[in-house]
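K.L.:
One file is attached below, upload_33.cif, containing mmCIF, C-alpha atoms.
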data_start
#
loop_
_atom_site.label_atom_id
_atom_site.label_comp_id
_atom_site.auth_asym_id
_atom_site.auth_seq_id
_atom_site.Cartn_x
_atom_site.Cartn_y
_atom_site.Cartn_z
CA MET A 1284 13.34 -14.29 -23.26
CA ALA A 1285 12.31 -14.39 -19.60
CA LYS A 1286 9.66 -16.93 -20.55
CA SER A 1287 12.41 -19.28 -21.66
CA ARG A 1288 13.91 -19.10 -18.13
CA ASN A 1289 16.80 -16.94 -19.33
CA ARG A 1290 18.46 -15.78 -16.08
CA LEU A 1291 19.90 -12.62 -17.62
CA ALA A 1292 16.46 -11.60 -18.89
CA GLN A 1293 14.98 -12.32 -15.46
CA LYS A 1294 17.73 -10.26 -13.82
CA ASP A 1295 16.95 -7.37 -16.18
CA ILE A 1296 13.24 -7.60 -15.33
CA TYR A 1297 14.04 -7.70 -11.61
CA GLU A 1298 16.25 -4.64 -11.87
CA ARG A 1299 13.61 -2.72 -13.85
CA PHE A 1300 10.65 -3.47 -11.61
CA SER A 1301 11.98 -4.28 -8.12
CA GLY A 1302 12.05 -0.66 -6.92
CA ARG A 1303 8.41 -0.02 -7.83
CA MET A 1304 7.32 -3.38 -6.43
CA LEU A 1305 9.19 -2.71 -3.20
CA ALA A 1306 7.24 0.54 -2.82
CA VAL A 1307 3.98 -1.38 -3.37
CA ALA A 1308 4.92 -4.09 -0.85
CA LYS A 1309 6.10 -1.52 1.69
CA SER A 1310 2.81 0.37 1.40
CA TYR A 1311 1.13 -2.78 2.73
CA VAL A 1312 3.58 -4.35 5.18
CA GLY A 1313 5.28 -1.14 6.31
CA HIS A 1314 8.60 -2.66 7.35
CA THR A 1315 11.31 -2.56 4.65
CA PRO A 1316 12.93 -5.96 5.37
CA ASP A 1317 9.49 -7.61 5.32
CA ALA A 1318 8.62 -5.79 2.10
CA GLU A 1319 11.89 -7.00 0.57
CA ASP A 1320 10.94 -10.58 1.50
CA VAL A 1321 7.54 -10.11 -0.15
CA VAL A 1322 9.16 -8.76 -3.32
CA VAL A 1323 11.63 -11.63 -3.59
CA THR A 1324 8.84 -14.17 -3.05
CA SER A 1325 6.70 -12.39 -5.63
CA PHE A 1326 9.42 -12.35 -8.26
CA CYS A 1327 10.13 -16.05 -7.69
CA LYS A 1328 6.43 -16.76 -8.11
CA ALA A 1329 6.24 -14.53 -11.20
CA PHE A 1330 9.24 -16.20 -12.85
CA SER A 1331 7.90 -19.67 -12.11
CA ARG A 1332 4.52 -18.72 -13.63
CA ILE A 1333 5.68 -16.28 -16.28
CA GLU A 1334 3.83 -18.16 -19.01
CA ASP A 1335 0.59 -17.01 -17.30
CA CYS A 1336 1.40 -13.41 -18.25
CA ARG A 1337 -0.32 -12.93 -21.58
CA ASP A 1338 1.73 -10.05 -22.95
CA ALA A 1339 4.77 -8.00 -22.10
CA ALA A 1340 2.75 -4.77 -22.00
CA GLY A 1341 0.68 -6.07 -19.08
CA PHE A 1342 3.61 -7.51 -17.13
CA ALA A 1343 3.91 -4.65 -14.62
CA PHE A 1344 0.20 -4.85 -13.77
CA TRP A 1345 0.35 -8.65 -13.51
CA LEU A 1346 3.43 -8.47 -11.25
CA ARG A 1347 1.82 -5.79 -9.08
CA LYS A 1348 -1.16 -8.08 -8.46
CA ILE A 1349 1.21 -10.83 -7.33
CA VAL A 1350 3.02 -8.42 -4.99
CA VAL A 1351 -0.23 -7.13 -3.47
CA ASN A 1352 -1.55 -10.66 -2.94
CA ASP A 1353 1.76 -11.80 -1.43
CA ALA A 1354 1.85 -8.75 0.87
CA ILE A 1355 -1.65 -9.53 2.12
CA SER A 1356 -0.70 -13.18 2.59
CA PHE A 1357 2.38 -12.08 4.52
CA ILE A 1358 0.26 -9.91 6.81
CA ARG A 1359 -2.21 -12.74 7.45
CA LYS A 1360 0.53 -15.30 8.02
CA ASN A 1361 2.38 -13.09 10.47
CA LYS A 1362 -0.77 -11.80 12.13
CA ASN A 1363 0.49 -8.22 11.78
CA LEU A 1364 -2.88 -6.93 10.69
CA LEU A 1365 -4.26 -4.96 13.59
CA TYR A 1366 -7.49 -3.04 13.37
CA HIS A 1367 -7.34 0.06 15.48
CA ASP A 1368 -10.05 1.96 17.19
CA ALA A 1369 -9.63 5.60 16.35
CA GLY A 1370 -11.19 6.59 19.64
CA SER A 1371 -12.96 9.91 19.65
CA ILE A 1372 -11.27 11.71 16.79
CA GLU A 1373 -13.49 14.70 16.14
CA GLU A 1374 -14.93 15.19 12.68
CA LEU A 1375 -12.54 17.53 10.93
CA SER A 1376 -13.18 19.46 7.76
CA ALA A 1377 -11.84 18.06 4.50
CA ASP A 1378 -10.33 21.40 3.55
CA LEU A 1379 -7.32 20.47 5.69
CA LEU A 1380 -6.42 17.94 3.00
CA GLU A 1381 -6.33 20.51 0.22
CA GLU A 1382 -2.89 21.06 -1.23
CA ASP A 1383 -1.09 23.75 0.67
CA GLU A 1384 2.43 24.06 -0.65
CA GLU A 1385 3.33 26.42 2.18
CA PHE A 1386 2.72 23.73 4.78
CA PHE A 1387 3.44 20.53 2.80
CA PRO A 1388 6.27 21.12 0.32
CA GLY A 1389 7.56 17.91 -1.25
CA PHE A 1390 4.62 15.91 0.12
CA GLU A 1391 5.13 12.15 -0.45
CA VAL A 1392 2.34 9.63 -0.02
CA GLU A 1393 4.77 6.85 0.98
CA HIS A 1394 5.90 8.77 4.06
CA VAL A 1395 2.35 9.36 5.22
CA LEU A 1396 1.33 5.74 4.64
CA ALA A 1397 4.39 4.54 6.53
CA GLU A 1398 2.99 6.22 9.66
CA MET A 1399 -0.62 5.06 9.18
CA PRO A 1400 -1.71 2.18 11.46
CA MET A 1401 -1.53 -1.19 9.68
CA GLY A 1402 -5.27 -2.01 9.65
CA TYR A 1403 -6.13 1.39 8.25
CA LYS A 1404 -3.33 1.23 5.71
CA VAL A 1405 -4.25 -2.15 4.23
CA VAL A 1406 -7.93 -1.30 3.77
CA PHE A 1407 -7.05 2.19 2.49
CA ASN A 1408 -4.56 0.78 -0.05
CA LEU A 1409 -6.98 -1.85 -1.30
CA TYR A 1410 -9.82 0.64 -1.62
CA VAL A 1411 -7.93 3.61 -3.04
CA PHE A 1412 -5.00 2.15 -4.97
CA GLU A 1413 -6.35 -1.27 -5.95
CA ASP A 1414 -9.92 -0.01 -6.56
CA LYS A 1415 -11.49 -2.84 -4.53
CA LYS A 1416 -15.03 -2.65 -3.19
CA HIS A 1417 -15.78 -3.27 0.49
CA HIS A 1418 -17.17 -6.75 -0.12
CA GLU A 1419 -13.97 -7.66 -1.99
CA ILE A 1420 -11.77 -6.24 0.77
CA ALA A 1421 -13.77 -8.16 3.36
CA GLU A 1422 -13.23 -11.37 1.44
CA ILE A 1423 -9.51 -10.74 0.85
CA LEU A 1424 -8.80 -9.88 4.49
CA ASN A 1425 -11.32 -12.27 6.03
CA ILE A 1426 -13.12 -9.46 7.85
CA SER A 1427 -16.69 -8.23 7.73
CA GLU A 1428 -17.78 -5.67 5.16
CA GLY A 1429 -18.66 -3.38 8.07
CA THR A 1430 -15.10 -3.63 9.41
CA SER A 1431 -13.77 -2.69 5.97
CA LYS A 1432 -16.04 0.37 5.84
CA SER A 1433 -15.12 1.32 9.39
CA GLN A 1434 -11.38 1.01 8.76
CA LEU A 1435 -11.64 3.13 5.61
CA SER A 1436 -13.58 5.79 7.49
CA LYS A 1437 -11.05 5.74 10.32
CA SER A 1438 -8.17 5.93 7.85
CA LYS A 1439 -9.68 9.08 6.35
CA LYS A 1440 -10.09 10.62 9.79
CA TRP A 1441 -6.53 9.60 10.63
CA LEU A 1442 -5.29 11.35 7.47
CA VAL A 1443 -7.17 14.54 8.34
CA GLU A 1444 -5.74 14.47 11.85
CA TYR A 1445 -2.26 13.74 10.50
CA PHE A 1446 -2.34 16.72 8.13
CA LYS A 1447 -3.83 18.97 10.80
CA GLN A 1448 -1.00 18.00 13.15
CA LYS A 1449 1.66 18.59 10.47
CA LYS A 1450 0.15 21.96 9.62
CA ASN A 1451 0.14 22.95 13.30
CA GLU A 1452 3.78 21.83 13.66
CA LYS A 1453 4.72 24.07 10.70
CA LEU A 1454 2.85 27.02 12.20
CA ILE A 1455 4.59 26.59 15.54
CA LYS A 1456 8.02 26.52 13.87
CA LYS A 1457 7.37 29.84 12.11
#
Will you turn the file into structure tokens for me?
P.N.:
Amino acid sequence: MAKSRNRLAQKDIYERFSGRMLAVAKSYVGHTPDAEDVVVTSFCKAFSRIEDCRDAAGFAFWLRKIVVNDAISFIRKNKNLLYHDAGSIEELSADLLEEDEEFFPGFEVEHVLAEMPMGYKVVFNLYVFEDKKHHEIAEILNISEGTSKSQLSKSKKWLVEYFKQKKNEKLIKK
């Protein structure tokens, strides 16, 4: 029914998927009002091109691709994409990232990604959640493949440092 431009069907679709798509958009742009703008733009685009969606079962995946592409376009357009230099973060062991319910109860990825620097976050999201290769990320973001690899490496170091800091904060509070 949404394909026939039925507004009630479109409203139902929006209500069903907007929360998840907002989380996707926010994981890229970071700022809730900007993410809301991306979601609204994405839904308008999806509804205007809904005949391009081959089947209802693949709608969520198709919509997610639109949201990711619109979020990246938003970042480019607003020049919010900043690539950070991690400085001299020491190499830390990966065992800090192992689940430790004592130190990280109720751990939520969204909260961690909200604190991650924008350049790290975009490359990390594309690589980890969208399963893109470095040459694809470089093309999408108009950066070199080396920059993509560097940002991913720095994002991993940032995560290790983040969890180390959180673990230390928990130990101090005890």
K.L.:
Output, as lines of an AutoDock Vina configuration file, the centre and edge lengths in Å (one decimal) of the axis-aligned box that contains all listed atoms of segment 1336-1341 of chain A with 5 Å of margin on each side.
P.N.:
center_x = 2.2
center_y = -9.1
center_z = -20.6
size_x = 15.1
size_y = 18.6
size_z = 14.7
K.L.:
What's the separation between atom CA of Lys1440 of chain A and atom CA of Val1411 of chain A, in Å to one decimal place?
P.N.:
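So the two atoms, atom CA of Lys1440 of chain A and atom CA of Val1411 of chain A, lie 14.8 Å apart.
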K.L.:
Counting all atoms listed in the file, which residue out of A:Cys1336, A:Met1401, A:Ala1318, A:Ala1343 sits closest to Tyr1297 of chain A?
P.N.:
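Looking only at the distances to Tyr1297 of chain A, the closest residue turns out to be A:Ala1343.
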K.L.:
For Gly1313 of chain A, find every residue with an atom within 10 Å (counting only C-alpha atoms), except residues of its own chain fewer than 5 positions away, and show them as an MDAnalysis selection string.
P.N.:
chainID A and resid 1306:1308 1318 1354 1393 1396:1401 1404:1405
K.L.:
Expand the PyMOL selection byres ((chain A and resi 1350) around 12) into the individual residues it matches in the shown file, reporting them as a PyMOL selection string.
P.N.:
chain A and resi 1300-1301+1303-1312+1318-1329+1343-1349+1351-1357+1413
